[in-house]
Structure formats: C-alpha cells, structure tokens
>>> print(open('entry-v1.txt').read())   # compact mmCIF, C-alpha atoms
# COMPACT_ATOMS: atom_id res chain seq x y z
CA MET U 1 44.49 -218.93 71.13
CA ARG U 2 42.16 -219.59 73.96
CA ARG U 3 39.32 -219.74 71.58
CA ALA U 4 40.69 -222.92 70.15
CA VAL U 5 40.90 -224.60 73.51
CA VAL U 6 37.62 -223.75 75.01
CA THR U 7 35.19 -222.69 72.42
CA SER U 8 34.05 -219.27 73.32
CA ALA U 9 30.80 -220.63 74.29
CA ALA U 10 28.54 -220.03 77.12
CA THR U 11 26.36 -222.64 78.51
CA ALA U 12 22.92 -221.89 79.57
CA ALA U 13 19.50 -223.32 79.81
CA GLY U 14 19.54 -226.87 78.81
CA VAL U 15 23.18 -227.13 79.30
CA VAL U 16 24.01 -225.39 82.49
CA LEU U 17 21.12 -226.39 84.54
CA LEU U 18 21.47 -230.00 83.87
CA LEU U 19 25.11 -230.69 83.96
CA SER U 20 26.71 -232.82 86.45
CA LEU U 21 30.05 -233.65 85.05
CA LYS U 22 31.92 -236.23 86.88
CA PRO U 23 35.42 -236.19 85.58
CA HIS U 24 36.27 -239.46 87.20
CA GLU U 25 39.88 -240.39 87.15
CA ALA U 26 41.20 -241.37 83.79
CA ALA U 27 37.93 -242.27 82.23
CA GLY U 28 39.90 -242.06 79.03
CA PRO U 29 39.22 -244.87 76.70
CA THR U 30 36.74 -246.65 78.92
CA PRO U 31 34.06 -247.46 76.46
CA VAL U 32 30.72 -246.71 77.90
CA ILE U 33 28.76 -246.57 74.76
CA GLY U 34 25.31 -247.67 73.92
CA SER U 35 22.02 -246.18 74.72
CA GLY U 36 19.49 -247.77 76.92
CA SER U 37 19.86 -248.22 80.59
CA GLY U 38 22.47 -249.59 82.78
CA ALA U 39 25.60 -248.48 81.00
CA GLY U 40 27.44 -246.00 83.05
CA ALA U 41 30.65 -246.62 84.81
CA GLY U 42 30.86 -244.07 87.48
CA ALA U 43 27.92 -242.18 86.31
CA GLY U 44 26.82 -240.80 89.55
CA SER U 45 25.73 -237.60 91.08
CA ALA U 46 22.24 -237.07 89.97
CA ALA U 47 21.73 -233.42 89.43
CA GLY U 48 18.27 -232.21 90.08
CA ALA U 49 16.87 -230.03 87.40
CA GLY U 50 14.77 -227.32 88.83
CA SER U 51 12.73 -227.00 85.76
CA GLY U 52 10.34 -224.17 85.80
CA ALA U 53 10.25 -223.63 89.49
CA ASP U 54 8.07 -220.78 90.51
CA VAL U 55 10.14 -217.96 91.86
CA SER U 56 8.14 -217.41 94.91
CA GLN U 57 8.23 -220.99 95.88
CA PRO U 58 11.33 -223.07 96.26
CA SER U 59 10.85 -226.39 94.57
CA PRO U 60 11.90 -229.52 96.36
CA ALA U 61 15.61 -229.41 96.93
CA PRO U 62 17.38 -231.51 94.36
CA SER U 63 19.40 -234.15 96.05
CA GLY U 64 23.02 -233.93 95.23
CA SER U 65 23.84 -237.50 95.93
CA ALA U 66 24.07 -240.47 93.69
CA ALA U 67 20.69 -241.85 94.48
CA PRO U 68 18.75 -241.54 91.28
CA ALA U 69 15.58 -240.55 92.95
CA ALA U 70 13.10 -241.87 90.48
CA PRO U 71 10.24 -239.41 90.29
CA ALA U 72 7.80 -239.59 87.44
CA GLY U 73 8.91 -241.93 84.72
CA ALA U 74 11.57 -244.57 84.51
CA THR U 75 15.20 -243.67 84.83
CA ARG U 76 17.32 -244.33 81.80
CA LYS U 77 20.72 -243.40 80.53
CA VAL U 78 21.42 -242.32 77.00
CA SER U 79 24.90 -241.88 75.59
CA GLY U 80 25.79 -239.23 73.10
CA ASP U 81 28.05 -239.64 70.13
CA THR U 82 31.73 -239.81 70.70
CA VAL U 83 32.86 -236.53 69.25
CA ASN U 84 36.43 -236.12 68.15
CA THR U 85 37.97 -232.87 69.14
CA ARG U 86 41.46 -231.67 68.62
CA TYR U 87 42.16 -232.94 72.11
CA GLY U 88 40.69 -236.34 71.60
CA PRO U 89 37.32 -238.00 71.91
CA VAL U 90 34.61 -236.65 74.16
CA GLN U 91 31.45 -238.45 75.05
CA VAL U 92 28.71 -237.65 77.49
CA GLN U 93 25.86 -239.63 78.88
CA VAL U 94 22.61 -238.20 80.09
CA THR U 95 20.40 -239.70 82.73
CA LEU U 96 16.70 -239.11 82.34
CA ALA U 97 13.80 -239.58 84.63
CA GLY U 98 10.98 -239.79 82.17
CA SER U 99 11.76 -236.98 79.77
CA ARG U 100 13.62 -234.92 82.32
CA VAL U 101 17.39 -234.87 82.31
CA THR U 102 18.65 -235.39 85.80
CA ALA U 103 22.36 -235.78 85.17
CA VAL U 104 24.99 -235.45 82.53
CA ASP U 105 28.20 -237.35 82.92
CA VAL U 106 31.30 -237.25 80.83
CA VAL U 107 32.12 -240.86 80.17
CA LYS U 108 34.97 -240.22 77.80
CA TYR U 109 37.33 -237.35 77.53
CA PRO U 110 40.79 -236.83 76.20
CA ASN U 111 43.52 -238.11 78.42
CA ALA U 112 46.54 -237.53 76.29
CA GLU U 113 48.98 -235.98 78.73
CA ARG U 114 49.06 -232.22 78.54
CA ARG U 115 45.92 -231.80 76.56
CA ASP U 116 44.06 -233.86 79.02
CA ARG U 117 45.06 -231.63 81.84
CA GLU U 118 44.31 -228.60 79.80
CA ILE U 119 40.77 -229.55 79.01
CA ASN U 120 40.07 -231.13 82.34
CA SER U 121 41.53 -228.37 84.34
CA SER U 122 39.44 -225.77 82.65
CA ALA U 123 36.37 -226.62 80.70
CA LEU U 124 34.90 -229.61 82.39
CA PRO U 125 35.21 -228.69 86.04
CA VAL U 126 34.00 -225.23 85.22
CA LEU U 127 30.92 -226.65 83.62
CA ASN U 128 30.46 -228.98 86.48
CA GLN U 129 30.62 -226.30 89.08
CA GLU U 130 28.42 -224.06 87.07
CA ALA U 131 25.87 -226.78 87.01
CA ILE U 132 26.09 -227.43 90.67
CA SER U 133 25.80 -223.84 91.69
CA ALA U 134 23.08 -223.22 89.20
CA GLN U 135 21.27 -226.26 90.39
CA SER U 136 21.42 -225.31 94.00
CA ALA U 137 19.91 -221.98 93.19
CA GLN U 138 17.29 -223.51 90.92
CA ILE U 139 18.34 -221.53 87.95
CA ASP U 140 16.92 -221.79 84.46
CA VAL U 141 19.79 -220.14 82.69
CA VAL U 142 23.01 -218.31 83.43
CA SER U 143 24.07 -214.98 82.00
CA GLY U 144 27.73 -214.42 81.43
CA ALA U 145 28.16 -218.07 81.98
CA THR U 146 31.03 -220.10 81.22
CA TYR U 147 32.43 -221.42 78.04
CA THR U 148 32.32 -224.99 77.15
CA SER U 149 34.04 -227.38 74.92
CA ASP U 150 32.50 -227.79 71.58
CA GLY U 151 32.88 -231.55 71.74
CA TYR U 152 31.06 -231.69 75.00
CA VAL U 153 28.12 -229.81 73.66
CA ARG U 154 27.91 -231.78 70.48
CA SER U 155 27.95 -235.06 72.32
CA LEU U 156 25.38 -233.75 74.74
CA GLN U 157 23.15 -232.67 71.92
CA SER U 158 23.29 -236.03 70.25
CA ALA U 159 22.37 -237.68 73.52
CA LEU U 160 19.43 -235.33 73.94
CA ASP U 161 18.31 -235.95 70.38
CA ARG U 162 18.53 -239.67 70.97
CA ALA U 163 16.59 -239.40 74.20
CA LYS U 164 13.81 -237.58 72.42
CA GLY U 165 13.59 -240.10 69.65
CA MET O 1 10.08 -228.60 78.84
CA LEU O 2 11.87 -228.92 75.55
CA ARG O 3 15.53 -228.06 75.45
CA HIS O 4 17.91 -227.67 72.58
CA ALA O 5 21.53 -226.65 72.34
CA GLU O 6 22.93 -225.37 69.07
CA PRO O 7 26.64 -224.71 68.69
CA ALA O 8 26.88 -221.72 66.39
CA MET O 9 28.88 -218.55 65.97
CA GLY O 10 31.69 -219.83 68.14
CA THR O 11 29.37 -220.22 71.06
CA VAL O 12 26.41 -222.24 72.15
CA PHE O 13 22.85 -221.16 71.77
CA SER O 14 20.52 -222.91 74.09
CA ILE O 15 16.80 -222.86 73.99
CA ALA O 16 14.26 -223.96 76.53
CA VAL O 17 10.58 -224.02 75.68
CA ARG O 18 8.00 -224.61 78.37
CA ASP O 19 5.07 -224.68 75.99
CA PRO O 20 6.30 -226.62 72.97
CA GLY O 21 3.72 -227.18 70.28
CA PRO O 22 3.51 -229.11 67.04
CA GLY O 23 5.63 -226.49 65.26
CA THR O 24 8.45 -226.35 67.78
CA ALA O 25 10.70 -229.04 66.35
CA ALA O 26 10.53 -227.50 62.90
CA VAL O 27 11.25 -224.05 64.20
CA LEU O 28 14.35 -225.31 65.98
CA ASP O 29 15.69 -226.37 62.60
CA ARG O 30 14.90 -222.96 61.18
CA ILE O 31 16.62 -221.29 64.10
CA ALA O 32 19.74 -223.39 63.57
CA GLU O 33 19.70 -222.46 59.90
CA ARG O 34 19.24 -218.80 60.74
CA LEU O 35 22.09 -218.76 63.24
CA HIS O 36 24.49 -220.43 60.85
CA ARG O 37 23.48 -218.02 58.15
CA ILE O 38 24.13 -215.04 60.42
CA ASP O 39 27.52 -216.52 61.22
CA ALA O 40 28.35 -217.02 57.55
CA VAL O 41 27.62 -213.38 56.83
CA PHE O 42 28.92 -211.68 59.96
CA SER O 43 31.72 -213.81 61.36
CA THR O 44 35.04 -212.06 61.76
CA TYR O 45 36.67 -215.48 62.12
CA ARG O 46 35.67 -216.51 58.62
CA PRO O 47 37.77 -214.89 55.95
CA GLU O 48 35.02 -215.45 53.38
CA SER O 49 32.23 -213.81 55.38
CA ASP O 50 30.68 -210.64 54.03
CA ILE O 51 32.05 -208.71 57.00
CA SER O 52 35.59 -209.97 56.45
CA ARG O 53 35.44 -209.22 52.74
CA LEU O 54 33.88 -205.82 53.33
CA ASP O 55 36.63 -205.00 55.80
CA ARG O 56 39.30 -206.02 53.30
CA GLY O 57 37.70 -203.88 50.64
CA GLU O 58 36.87 -206.88 48.47
CA LEU O 59 33.15 -206.37 48.68
CA ALA O 60 31.14 -203.18 48.43
CA LEU O 61 28.48 -202.50 51.02
CA ASP O 62 25.84 -202.58 48.29
CA ASP O 63 26.93 -206.06 47.31
CA CYS O 64 26.77 -207.45 50.83
CA ASP O 65 23.92 -209.41 52.24
CA PRO O 66 21.09 -206.89 52.76
CA GLU O 67 21.30 -207.44 56.51
CA VAL O 68 24.82 -206.02 56.63
CA PRO O 69 23.85 -202.37 56.19
CA THR O 70 21.00 -202.86 58.64
CA VAL O 71 23.34 -204.25 61.27
CA LEU O 72 25.93 -201.54 60.72
CA ALA O 73 23.19 -198.93 61.09
CA ALA O 74 22.13 -200.56 64.36
CA CYS O 75 25.74 -200.37 65.55
CA ARG O 76 25.79 -196.65 64.80
CA ASP O 77 22.54 -196.22 66.71
CA VAL O 78 24.06 -197.94 69.72
CA ALA O 79 27.16 -195.77 69.44
CA ALA O 80 24.92 -192.69 69.53
CA GLU O 81 22.81 -194.03 72.39
CA THR O 82 25.88 -194.74 74.49
CA GLY O 83 27.73 -191.52 73.87
CA GLY O 84 30.32 -193.18 71.69
CA TRP O 85 31.15 -196.01 74.10
CA PHE O 86 30.30 -198.58 71.46
CA THR O 87 31.91 -199.05 68.10
CA GLU O 88 31.60 -201.51 65.25
CA ARG O 89 35.32 -201.01 64.70
CA PRO O 90 36.92 -201.99 67.99
CA GLY O 91 40.65 -201.69 67.60
CA GLY O 92 40.15 -200.41 64.07
CA ARG O 93 38.89 -203.59 62.47
CA LEU O 94 35.31 -203.97 61.30
CA ASP O 95 33.66 -206.17 63.90
CA PRO O 96 29.95 -205.71 64.62
CA SER O 97 29.90 -208.75 66.95
CA GLY O 98 28.90 -206.53 69.85
CA TRP O 99 25.53 -206.22 68.18
CA VAL O 100 25.34 -209.43 66.20
CA LYS O 101 25.30 -211.98 69.00
CA GLY O 102 22.45 -210.41 70.93
CA TRP O 103 20.63 -209.77 67.70
CA ALA O 104 21.00 -213.45 66.79
CA VAL O 105 19.41 -214.37 70.12
CA GLU O 106 16.59 -211.96 69.38
CA GLU O 107 16.11 -213.46 65.94
CA ALA O 108 15.94 -216.95 67.42
CA ALA O 109 13.40 -215.74 69.96
CA ALA O 110 11.31 -214.14 67.22
CA LEU O 111 11.24 -217.41 65.31
CA LEU O 112 10.11 -219.27 68.41
CA ARG O 113 7.37 -216.73 68.93
CA SER O 114 6.25 -217.11 65.32
CA SER O 115 5.84 -220.81 65.97
CA GLY O 116 3.36 -220.05 68.70
CA ALA O 117 5.64 -220.45 71.73
CA ARG O 118 5.15 -217.91 74.50
CA GLN O 119 7.11 -219.50 77.35
CA TYR O 120 10.72 -219.77 76.29
CA CYS O 121 14.22 -218.78 77.12
CA VAL O 122 16.99 -218.35 74.56
CA SER O 123 20.61 -217.91 75.49
CA GLY O 124 23.45 -217.19 73.12
CA GLY O 125 26.75 -217.38 74.87
CA GLY O 126 25.20 -216.25 78.10
CA ASP O 127 23.09 -213.46 76.66
CA VAL O 128 19.58 -214.30 77.56
CA GLN O 129 16.13 -213.45 76.25
CA THR O 130 13.18 -214.81 78.12
CA SER O 131 9.53 -214.81 77.22
CA GLY O 132 6.76 -215.48 79.66
CA GLY O 133 8.02 -216.81 82.90
CA PRO O 134 9.01 -216.16 85.48
CA TRP O 135 12.45 -217.44 84.59
CA ARG O 136 15.32 -217.46 87.01
CA VAL O 137 18.52 -216.14 85.53
CA GLY O 138 21.79 -216.63 87.35
CA VAL O 139 24.55 -214.12 86.84
CA ALA O 140 27.93 -215.80 86.70
CA ASP O 141 30.40 -214.56 89.27
CA PRO O 142 33.39 -213.31 87.31
CA GLY O 143 35.79 -213.87 90.18
CA ARG O 144 34.66 -217.31 91.22
CA PRO O 145 34.19 -219.59 88.27
CA GLY O 146 31.17 -221.76 88.63
CA LEU O 147 29.46 -219.63 91.21
CA LEU O 148 26.79 -217.05 90.82
CA ALA O 149 27.05 -213.41 91.70
CA ALA O 150 23.30 -212.94 91.74
CA VAL O 151 20.04 -214.45 90.71
CA LEU O 152 17.47 -212.46 88.80
CA ALA O 153 13.93 -213.42 88.08
CA GLY O 154 11.20 -212.01 86.00
CA ARG O 155 9.09 -212.19 82.92
CA ASP O 156 10.07 -211.19 79.40
CA LEU O 157 13.50 -210.04 80.48
CA ALA O 158 16.68 -209.61 78.51
CA VAL O 159 19.87 -210.20 80.47
CA ALA O 160 23.36 -209.64 79.09
CA THR O 161 26.68 -209.81 80.85
CA SER O 162 29.97 -208.44 79.63
CA GLY O 163 33.04 -209.46 81.50
CA THR O 164 36.65 -210.40 81.62
CA ALA O 165 36.29 -213.73 83.36
CA GLU O 166 36.11 -216.02 80.39
CA ARG O 167 37.92 -214.26 77.63
CA GLY O 168 40.17 -211.90 79.49
CA ALA O 169 40.14 -208.20 78.87
CA HIS O 170 38.62 -208.28 75.43
CA ILE O 171 36.35 -205.28 75.40
CA ILE O 172 38.07 -202.33 73.86
CA ASP O 173 37.52 -198.85 75.18
CA PRO O 174 36.68 -197.03 71.95
CA HIS O 175 38.20 -193.84 73.29
CA THR O 176 41.62 -195.30 73.98
CA ASP O 177 41.63 -198.43 71.82
CA ARG O 178 42.86 -200.26 74.89
CA PRO O 179 41.08 -203.01 76.82
CA ALA O 180 38.69 -201.75 79.46
CA THR O 181 39.70 -202.99 82.90
CA GLY O 182 37.59 -201.07 85.41
CA LEU O 183 35.05 -203.84 85.85
CA ALA O 184 35.12 -207.58 86.28
CA SER O 185 31.66 -207.84 84.81
CA LEU O 186 28.69 -205.75 84.00
CA THR O 187 25.20 -207.19 83.69
CA LEU O 188 22.33 -205.28 82.18
CA VAL O 189 18.72 -206.28 82.60
CA GLY O 190 16.36 -205.04 79.94
CA ALA O 191 12.72 -204.75 80.83
CA PRO O 192 10.11 -206.20 78.49
CA GLY O 193 10.36 -204.54 75.11
CA THR O 194 14.02 -203.62 75.33
CA GLY O 195 15.24 -206.77 73.64
CA ILE O 196 18.49 -208.63 74.02
CA ALA O 197 20.16 -207.15 70.94
CA ARG O 198 20.14 -203.67 72.41
CA THR O 199 20.66 -204.88 75.98
CA ASP O 200 23.72 -206.86 74.95
CA ALA O 201 25.27 -204.09 72.89
CA TRP O 202 24.61 -201.62 75.68
CA ALA O 203 26.27 -203.98 78.15
CA THR O 204 29.38 -204.00 75.99
CA ALA O 205 29.36 -200.21 75.84
CA ALA O 206 28.69 -199.82 79.55
CA PHE O 207 31.49 -202.23 80.38
CA ALA O 208 33.89 -200.01 78.50
CA MET O 209 32.65 -197.00 80.49
CA GLY O 210 33.89 -198.38 83.79
CA PRO O 211 31.79 -198.64 86.96
CA ASP O 212 30.88 -195.07 87.84
CA ARG O 213 29.92 -193.94 84.41
CA ALA O 214 28.24 -197.25 83.56
CA LEU O 215 25.96 -197.23 86.58
CA ALA O 216 25.08 -193.57 86.17
CA TRP O 217 24.38 -194.08 82.49
CA ALA O 218 22.32 -197.25 83.03
CA ALA O 219 20.25 -195.57 85.73
CA ARG O 220 19.22 -192.95 83.18
CA GLN O 221 18.05 -195.47 80.57
CA PRO O 222 14.37 -196.30 80.82
CA GLY O 223 13.82 -200.01 81.24
CA ILE O 224 17.43 -200.85 82.03
CA GLU O 225 19.03 -201.88 85.30
CA ALA O 226 22.63 -202.79 85.94
CA LEU O 227 24.69 -204.95 88.25
CA ALA O 228 28.41 -204.25 88.30
CA VAL O 229 31.02 -206.56 89.77
CA LEU O 230 34.31 -204.83 90.36
CA PRO O 231 37.69 -206.51 90.05
CA ASP O 232 37.88 -206.81 93.85
CA GLY O 233 34.51 -208.54 93.95
CA THR O 234 32.52 -205.57 95.18
CA LYS O 235 29.03 -205.39 93.74
CA ARG O 236 27.24 -202.21 92.81
CA TRP O 237 23.89 -201.80 91.15
CA THR O 238 21.35 -199.33 89.92
CA PRO O 239 18.49 -198.35 92.23
CA GLY O 240 15.92 -200.36 90.30
CA LEU O 241 17.87 -203.60 90.14
CA PRO O 242 16.45 -205.11 93.34
CA GLY O 243 13.10 -205.11 91.56
CA HIS O 244 14.45 -207.98 89.49
CA LEU O 245 15.53 -210.07 92.43
CA PRO O 246 13.51 -213.15 93.19
CA ALA O 247 11.81 -213.49 96.49
CA ILE O 248 14.36 -216.07 97.46
CA GLY O 249 17.95 -215.57 96.37
CA PRO O 250 21.27 -216.99 97.39
CA ALA O 251 22.42 -216.03 100.86
CA ASP O 252 25.32 -214.37 99.20
CA TRP O 253 23.09 -211.96 97.38
CA GLN O 254 20.97 -211.12 100.40
CA SER O 255 24.00 -210.01 102.31
CA ALA O 256 25.21 -208.01 99.39
CA VAL O 257 22.02 -205.99 99.36
CA CYS O 258 22.25 -205.04 103.01
>>> encode(input="entry-v1.txt", output="structure tokens")
Amino acid sequence: MRRAVVTSAATAAGVVLLLSLKPHEAAGPTPVIGSGSGAGAGAGSAAGAGSGADVSQPSPAPSGSAAPAAPAGATRKVSGDTVNTRYGPVQVQVTLAGSRVTAVDVVKYPNAERRDREINSSALPVLNQEAISAQSAQIDVVSGATYTSDGYVRSLQSALDRAKG
Amino acid sequence: MLRHAEPAMGTVFSIAVRDPGPGTAAVLDRIAERLHRIDAVFSTYRPESDISRLDRGELALDDCDPEVPTVLAACRDVAAETGGWFTERPGGRLDPSGWVKGWAVEEAAALLRSSGARQYCVSGGGDVQTSGGPWRVGVADPGRPGLLAAVLAGRDLAVATSGTAERGAHIIDPHTDRPATGLASLTLVGAPGTGIARTDAWATAAFAMGPDRALAWAARQPGIEALAVLPDGTKRWTPGLPGHLPAIGPADWQSAVC
C-alpha cells in the first residue's frame, strides 16, 4: 500500500516552506550527528524562508545558493533525531539564522538497495522540489501539497524542538 | 514566527503562528492531544476506533464518543448541501474522513484562537485554515509534482484541495461507487466564516462532480470560489477566484488568467 511507503501526509507551513532537501549521493550511514554548529557534510543550499512577506510587496529574493547569507542572528545547524523507519534511519538537519530556519538537509536516509530508491525517488525529491517552488513564490503554506515520509517529519520536528530549546 | 509540525491522523498537521504568546506552547500540546484523540475515535485505519467498531456493528451509536453522532450529522448536512455528491459511506464502508480531516484542522485553529493567537495558519494534509494575514497559499500542481498551479493570498481563508496526484483516484463518486476521474484536482477557497471543515468536505464532493458541475455548483455557493485543474493541465475557475490572487503571482498563473 502506498500509504505505508509515503505516509499520506501533506507538508505545509513549517515544513514546505523551509525545506531544502539535498539528497546527496549515498549519504547513507554518514554520521552527521550532534547539534551545534559546523556539523554538516554537504549541507548546502540555503533555502530562504519568506516568512510573512506582505503580499503586495515581494520580499528580498531568497538566494538559492549555498552561501548562508547571515542576516539577523548567528547561523547554526541543529540535527534532529535519527528516526528509524521501515526503510531505515532518517535524519535531518536544520540550519537557522537566529530563530529562522533557512535550510533543512537530509543527512541520513535509507540506502538499502530497493528501498533506498523507493524513498529517494519519491518522497524526498518531491519535498525538495515543493520547497524550492514554494520558496521561489514566497509561499507560507501549500494546499494539496505533497506527502512526506513520517520519519522525515519526526526528525525535522525534533530538530526544531531542539533549536527552540 | 513559531512553527510546529505534528504527525497525526496519517498526515502531518503544521502550524505557523505569527503572534505567539505565553500560552502558545501549551496550546500546541493541547492541539496534539486533540488531534490524536480525534484519530483514536475516527480513524478507519484503526480497528479499535469507534468508527471501525460502529461499522462492524460492535458498538452502538449511543455508546460511541459523543462527537461521533455530531460528525455523522455534519456529513449528512454536507451530503444535502452538495446534492448527494458527498457521503460518509464511500464505497459502502463507514468513513467520515471527508469531514474529519478538515474538522480537525478547524478544531486546532479554534484552540489556537482560544490561546489568544490571531495570526496563524494551520494545515492538515494540505487543507489550510488561515487567520489574520495576509497569508500566501500555494496550490500544488497535480500534474507537476513540486510545482504550484496557483498562488492565493488573503486573510482568514480556508483552502482545500482534492486531487488524484498524491493518492491516485481515491475519491469515490457516490452515484456510481467508482473513482471520480474528471479532474486532476479541485481547490476550493472559503471566505472568512466558511471554515475549513466545510470547505474541505465540499471540495471532496465537488471533485466527485467533475469539472462542469463542480464549477457551476461552486459559483452558486456564497463565499466559495473554485480552481479546477483538468487531467490535461487546463485550469478553470469560478468568476470570483481572481479576487483571491495576490498582486504578484507566478508568471505561470498570470498567463493562465489571460
């Protein structure tokens, strides 16, 4: 059942806007754990979060490149829990400028042959693209948006919780 | 802005609050509790839920959680409002999910409001309730994963999309008991006061109607506008929909309007 593969879940505010998944080649077991700054193999592509932009006025275009433009507040990276899913472990890392999330990277995802392809070929790139398109349009939330992997969201949430604390 | 994502009910609820106050963190916990409770009672994936047991005849309606009869009554209202294009028994099995998800979003929004928040956005699986604003709401393009078909903006809007993109043809035409296939997606925008529960259930019903009937029906409903994306990518919309477009939208949308 599809439901088991990709939790019938839509992303939205909080998730969608901020994602910038970078499914770098075979991140697999590369351990990139530990909160604080500096961890982050391949964590790139800062995604601008167009938080609360006024409709009538386009906010500064978020840069799509790796340069972590450091606006207000110091840039730091916070890793989420490694969440075990039926396909293997998933872990994300968020990059924050002050309290604002500027990027979310998947630092660990299942790479066990078929399952790897399954999850990578569907959920993660979909999320990534959703984020990019949403970002470019300075969107707060997406209706009818795409489903995500449960593990991804749980890891993301733990990272966000950690960032708050 | 405070953001929270809560996996619940087989989907993800996400919440953004622009005016968090001292009570916001606590209310997020209450919202999570509320969502999981709704799931426990109404899930059709849980054999022990009230809905599953009621459907199997193991539980009488009177013995169900008191919200069960309320929800089933709401489903019947929606069926009446949509000329029978909505049912709480799609395919014959008791399944009020077409109401429950949007209602859960509305419940979460009500809790946020009770905590004092006035600037927030709640999404449950892509069904969105905003308060205050303006908020910009993208509408996922059913034919091009990851891209947007349109961008809406406004205050206090409810936006719900029914479609085939993510879960295949899963909306049952109650008149034929077969999956509806006339649309790739149908988005309804509810003006302030309409609420996401009704907007979402109506979107499900309108999707089953197919494009012509759905647009004609939506145009007759006060406070509702519709955007339809057909299987070939063509977009059609109700006359009032452009009123929900932001001043600046994607190039793609501008050309679609011309």
>>> closest_atom_pairs(input="entry-v1.txt", of="chain O", to="chain U", cutoff="6 Å", atoms="only C-alpha atoms", output="tab-separated table")
residue	atom	partner	partner_atom	distance
O:Arg3	CA	U:Gly14	CA	5.4
O:Gly10	CA	U:Ser8	CA	5.7
O:Thr11	CA	U:Ala9	CA	3.6
O:Val12	CA	U:Ala9	CA	5.1
O:Ser14	CA	U:Ala13	CA	5.8
O:Gly125	CA	U:Ala10	CA	3.9
O:Gly126	CA	U:Ser143	CA	4.3
O:Asp127	CA	U:Ser143	CA	5.6
O:Arg136	CA	U:Ile139	CA	5.2
O:Val137	CA	U:Val141	CA	5.1
O:Gly138	CA	U:Val142	CA	4.4
O:Val139	CA	U:Ser143	CA	4.9
O:Ala140	CA	U:Ala145	CA	5.2
O:Gly146	CA	U:Glu130	CA	3.9
O:Leu147	CA	U:Ser133	CA	5.6
O:Thr161	CA	U:Gly144	CA	4.8
O:Ala247	CA	U:Ser56	CA	5.6
>>> write_last_selection(input="entry-v1.txt", atoms="C-alpha atoms", output="PDB file, keeping the file's coordinate frame")
ATOM      1  CA  ARG O   3      15.530-228.060  75.450  1.00  0.00           C
ATOM      2  CA  GLY O  10      31.690-219.830  68.140  1.00  0.00           C
ATOM      3  CA  THR O  11      29.370-220.220  71.060  1.00  0.00           C
ATOM      4  CA  VAL O  12      26.410-222.240  72.150  1.00  0.00           C
ATOM      5  CA  SER O  14      20.520-222.910  74.090  1.00  0.00           C
ATOM      6  CA  GLY O 125      26.750-217.380  74.870  1.00  0.00           C
ATOM      7  CA  GLY O 126      25.200-216.250  78.100  1.00  0.00           C
ATOM      8  CA  ASP O 127      23.090-213.460  76.660  1.00  0.00           C
ATOM      9  CA  ARG O 136      15.320-217.460  87.010  1.00  0.00           C
ATOM     10  CA  VAL O 137      18.520-216.140  85.530  1.00  0.00           C
ATOM     11  CA  GLY O 138      21.790-216.630  87.350  1.00  0.00           C
ATOM     12  CA  VAL O 139      24.550-214.120  86.840  1.00  0.00           C
ATOM     13  CA  ALA O 140      27.930-215.800  86.700  1.00  0.00           C
ATOM     14  CA  GLY O 146      31.170-221.760  88.630  1.00  0.00           C
ATOM     15  CA  LEU O 147      29.460-219.630  91.210  1.00  0.00           C
ATOM     16  CA  THR O 161      26.680-209.810  80.850  1.00  0.00           C
ATOM     17  CA  ALA O 247      11.810-213.490  96.490  1.00  0.00           C
TER      18      ALA O 247
END
>>> atom_distance(input="entry-v1.txt", atom1="atom CA of Ala26 of chain O", atom2="atom CA of Ser79 of chain U")
24.0 Å
>>> atom_distance(input="entry-v1.txt", atom1="atom CA of Gly240 of chain O", atom2="atom CA of Val151 of chain O")
14.7 Å
>>> atom_distance(input="entry-v1.txt", atom1="atom CA of Cys64 of chain O", atom2="atom CA of Ala79 of chain O")
22.0 Å
>>> closest_residue(input="entry-v1.txt", among="O:Ala203, O:Val41, O:Leu112, O:Met1", to="Gly98 of chain U", atoms="only C-alpha atoms")
O:Met1
>>> closest_residue(input="entry-v1.txt", among="O:Ser114, O:Gln221, O:Ser52, O:Thr70", to="Gly190 of chain O", atoms="all atoms listed in the file")
O:Gln221
>>> residues_around(input="entry-v1.txt", residues="Phe207 of chain O", least_positions_apart="4", cutoff="7 Å", atoms="all atoms listed in the file", output="list in words")
Ser162, Leu183, Leu186, Ala203 and Ala214 of chain O
>>> residues_near_point(input="entry-v1.txt", point="(24.6, -204.8, 74.2)", cutoff="9 Å", atoms="only C-alpha atoms", output="short mmCIF file (atom, residue, chain, number, x, y, z; two decimals) with C-alpha atoms, in the frame of the given file")
data_model
loop_
_atom_site.label_atom_id
_atom_site.label_comp_id
_atom_site.auth_asym_id
_atom_site.auth_seq_id
_atom_site.Cartn_x
_atom_site.Cartn_y
_atom_site.Cartn_z
CA VAL O 78 24.06 -197.94 69.72
CA PHE O 86 30.30 -198.58 71.46
CA GLY O 98 28.90 -206.53 69.85
CA TRP O 99 25.53 -206.22 68.18
CA LYS O 101 25.30 -211.98 69.00
CA GLY O 102 22.45 -210.41 70.93
CA ALA O 160 23.36 -209.64 79.09
CA THR O 161 26.68 -209.81 80.85
CA SER O 162 29.97 -208.44 79.63
CA LEU O 188 22.33 -205.28 82.18
CA ILE O 196 18.49 -208.63 74.02
CA ALA O 197 20.16 -207.15 70.94
CA ARG O 198 20.14 -203.67 72.41
CA THR O 199 20.66 -204.88 75.98
CA ASP O 200 23.72 -206.86 74.95
CA ALA O 201 25.27 -204.09 72.89
CA TRP O 202 24.61 -201.62 75.68
CA ALA O 203 26.27 -203.98 78.15
CA THR O 204 29.38 -204.00 75.99
CA ALA O 205 29.36 -200.21 75.84
CA ALA O 206 28.69 -199.82 79.55
#
